[in-house]
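Text of the file protein.pdb, holding PDB, C-alpha atoms:
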```
ATOM      1  CA  MET Z   1     124.663 -81.284-232.877
ATOM      2  CA  LYS Z   2     128.210 -81.268-234.199
ATOM      3  CA  GLY Z   3     129.540 -81.775-237.682
ATOM      4  CA  GLN Z   4     132.546 -81.429-239.950
ATOM      5  CA  VAL Z   5     133.054 -78.648-242.485
ATOM      6  CA  ALA Z   6     135.908 -77.641-244.753
ATOM      7  CA  LEU Z   7     136.001 -74.003-245.812
ATOM      8  CA  VAL Z   8     137.901 -73.878-249.085
ATOM      9  CA  ARG Z   9     139.279 -71.052-251.193
ATOM     10  CA  GLU Z  10     140.244 -72.309-254.630
ATOM     11  CA  GLN Z  11     140.793 -70.326-257.834
ATOM     12  CA  GLY Z  12     139.270 -67.220-256.310
ATOM     13  CA  GLN Z  13     136.146 -69.046-255.137
ATOM     14  CA  THR Z  14     135.187 -69.674-251.520
ATOM     15  CA  PHE Z  15     132.934 -72.591-250.641
ATOM     16  CA  ALA Z  16     132.052 -74.967-247.829
ATOM     17  CA  VAL Z  17     132.061 -78.752-247.954
ATOM     18  CA  VAL Z  18     129.895 -80.295-245.247
ATOM     19  CA  VAL Z  19     129.972 -83.934-244.169
ATOM     20  CA  VAL Z  20     126.470 -85.403-243.856
ATOM     21  CA  GLN Z  21     124.990 -88.802-243.162
ATOM     22  CA  ASP Z  22     124.635 -90.843-246.354
ATOM     23  CA  ARG Z  23     120.852 -90.842-245.971
ATOM     24  CA  VAL Z  24     120.833 -87.054-246.423
ATOM     25  CA  ILE Z  25     122.406 -87.388-249.873
ATOM     26  CA  ARG Z  26     119.787 -89.983-250.886
ATOM     27  CA  ASP Z  27     116.767 -87.887-249.818
ATOM     28  CA  PRO Z  28     116.179 -85.107-252.411
ATOM     29  CA  GLN Z  29     114.165 -82.803-250.137
ATOM     30  CA  LEU Z  30     116.442 -83.251-247.134
ATOM     31  CA  ARG Z  31     119.650 -82.738-249.124
ATOM     32  CA  ASP Z  32     118.302 -79.525-250.687
ATOM     33  CA  ASP Z  33     117.268 -78.236-247.251
ATOM     34  CA  VAL Z  34     120.640 -79.109-245.715
ATOM     35  CA  LEU Z  35     122.502 -77.593-248.673
ATOM     36  CA  ALA Z  36     120.571 -74.313-248.340
ATOM     37  CA  PHE Z  37     121.180 -74.282-244.586
ATOM     38  CA  ALA Z  38     124.912 -74.938-245.072
ATOM     39  CA  ALA Z  39     125.233 -72.086-247.566
ATOM     40  CA  GLN Z  40     123.466 -69.760-245.135
ATOM     41  CA  GLN Z  41     125.408 -70.985-242.094
ATOM     42  CA  PHE Z  42     128.859 -70.660-243.616
ATOM     43  CA  GLY Z  43     128.260 -67.611-245.813
ATOM     44  CA  ALA Z  44     129.526 -69.350-248.904
ATOM     45  CA  ARG Z  45     128.458 -71.660-251.660
ATOM     46  CA  ALA Z  46     128.290 -75.197-250.338
ATOM     47  CA  ALA Z  47     128.430 -78.856-251.273
ATOM     48  CA  LEU Z  48     127.641 -81.984-249.284
ATOM     49  CA  ILE Z  49     129.660 -85.174-248.986
ATOM     50  CA  GLY Z  50     128.409 -88.459-247.528
ATOM     51  CA  GLU Z  51     130.294 -89.520-244.423
ATOM     52  CA  ARG Z  52     130.800 -93.112-245.553
ATOM     53  CA  SER Z  53     129.894 -93.260-249.240
ATOM     54  CA  ARG Z  54     131.778 -90.044-250.124
ATOM     55  CA  GLU Z  55     128.975 -89.358-252.598
ATOM     56  CA  THR Z  56     128.758 -85.626-253.287
ATOM     57  CA  TYR Z  57     125.936 -83.212-254.005
ATOM     58  CA  GLY Z  58     125.954 -79.528-254.811
ATOM     59  CA  PRO Z  59     126.943 -77.120-257.558
ATOM     60  CA  ASN Z  60     128.507 -78.951-260.517
ATOM     61  CA  ASP Z  61     131.779 -77.028-260.396
ATOM     62  CA  ILE Z  62     132.337 -77.851-256.722
ATOM     63  CA  VAL Z  63     131.364 -81.513-257.193
ATOM     64  CA  ARG Z  64     133.791 -81.782-260.148
ATOM     65  CA  TRP Z  65     136.539 -80.174-258.094
ATOM     66  CA  LEU Z  66     135.897 -82.568-255.189
ATOM     67  CA  SER Z  67     136.273 -85.536-257.537
ATOM     68  CA  SER Z  68     139.812 -84.372-258.365
ATOM     69  CA  VAL Z  69     141.163 -83.926-254.808
ATOM     70  CA  TYR Z  70     141.816 -86.111-251.794
ATOM     71  CA  VAL Z  71     139.036 -85.023-249.461
ATOM     72  CA  GLU Z  72     141.108 -86.142-246.473
ATOM     73  CA  GLN Z  73     143.459 -83.234-247.202
ATOM     74  CA  LEU Z  74     140.784 -80.553-247.022
ATOM     75  CA  PRO Z  75     140.973 -78.169-244.039
ATOM     76  CA  TRP Z  76     138.344 -79.951-241.940
ATOM     77  CA  ARG Z  77     137.138 -78.483-238.693
ATOM     78  CA  GLU Z  78     134.358 -79.266-236.283
ATOM     79  CA  PHE Z  79     131.344 -77.028-235.923
ATOM     80  CA  TRP Z  80     128.492 -76.984-233.421
ATOM     81  CA  MET Z  81     124.911 -76.221-234.310
ATOM     82  CA  ASN Z  82     121.976 -75.642-231.994
ATOM     83  CA  ASN Z  83     118.817 -77.554-232.879
TER      84      ASN Z  83
END
```
What is this structure when it is put down as structure tokens?
Amino acid sequence: MKGQVALVREQGQTFAVVVVQDRVIRDPQLRDDVLAFAAQQFGARAALIGERSRETYGPNDIVRWLSSVYVEQLPWREFWMNN
């Protein structure tokens, strides 16, 4: 499976922003599982963003920061994950 991630360093903090299907954001158990996996996978704090809705989920400081930037300008890259 492939996905999109932006690894960001802002104000001395490093975190990952991972694009997920909108249904992941709406499912509390799934979003928590995916968020924990993303943090483990990328070795950083993480937040999720819906691929179409752009709804965000994660630590409050990251979610607030995401609301103040153009997400299109983040350093997106593709990643591959084995199922």
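The coordinates place CA of Pro75 in chain Z at 16.6 Å from CA of Gly43 in chain Z.
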Would you kindly translate the PyMOL selection byres ((chain Z and resi 38) around 12) into the concrete residues it picks from this file, as a PyMOL selection string?
chain Z and resi 3-7+15-20+31-37+39-49+58+79+81
Within 12 Å of Gln11 in chain Z, counting all atoms listed in the file, which residues show up once you throw out same-chain ones fewer than 5 positions away? Write them as a PDB file with C-alpha atoms, in the frame of the given file, please.
```pdb
ATOM      1  CA  ASP Z  61     131.779 -77.028-260.396  1.00  0.00           C
ATOM      2  CA  ILE Z  62     132.337 -77.851-256.722  1.00  0.00           C
ATOM      3  CA  TRP Z  65     136.539 -80.174-258.094  1.00  0.00           C
TER       4      TRP Z  65
END
```
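Candidate residues Z:Ser68, Z:Gln21, Z:Gln73, Z:Gln29 were compared for distance to Ser53 in chain Z, and the nearest is Z:Gln21, using only C-alpha atoms.
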Counting all atoms listed in the file, which residue out of Z:Arg52, Z:Leu74, Z:Glu10, Z:Tyr57 sits closest to Leu30 in chain Z?
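With all atoms listed in the file as the atom set, the closest residue is Z:Tyr57.
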For CA of Arg9 in chain Z and CA of Arg23 in chain Z, quote the distance in Å rounded to one decimal.
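Here the two named atoms are 27.5 Å from each other.
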When you draw a straight line from CA of Trp80 in chain Z to CA of Asn60 in chain Z, how long is it in Å?
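The value is 27.2 Å.
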With distances taken over all atoms listed in the file, which of Z:Val71, Z:Ile25, Z:Val8, Z:Gln13 is nearest to Thr56 in chain Z?
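Closest to Thr56 in chain Z, using all atoms listed in the file: Z:Ile25.
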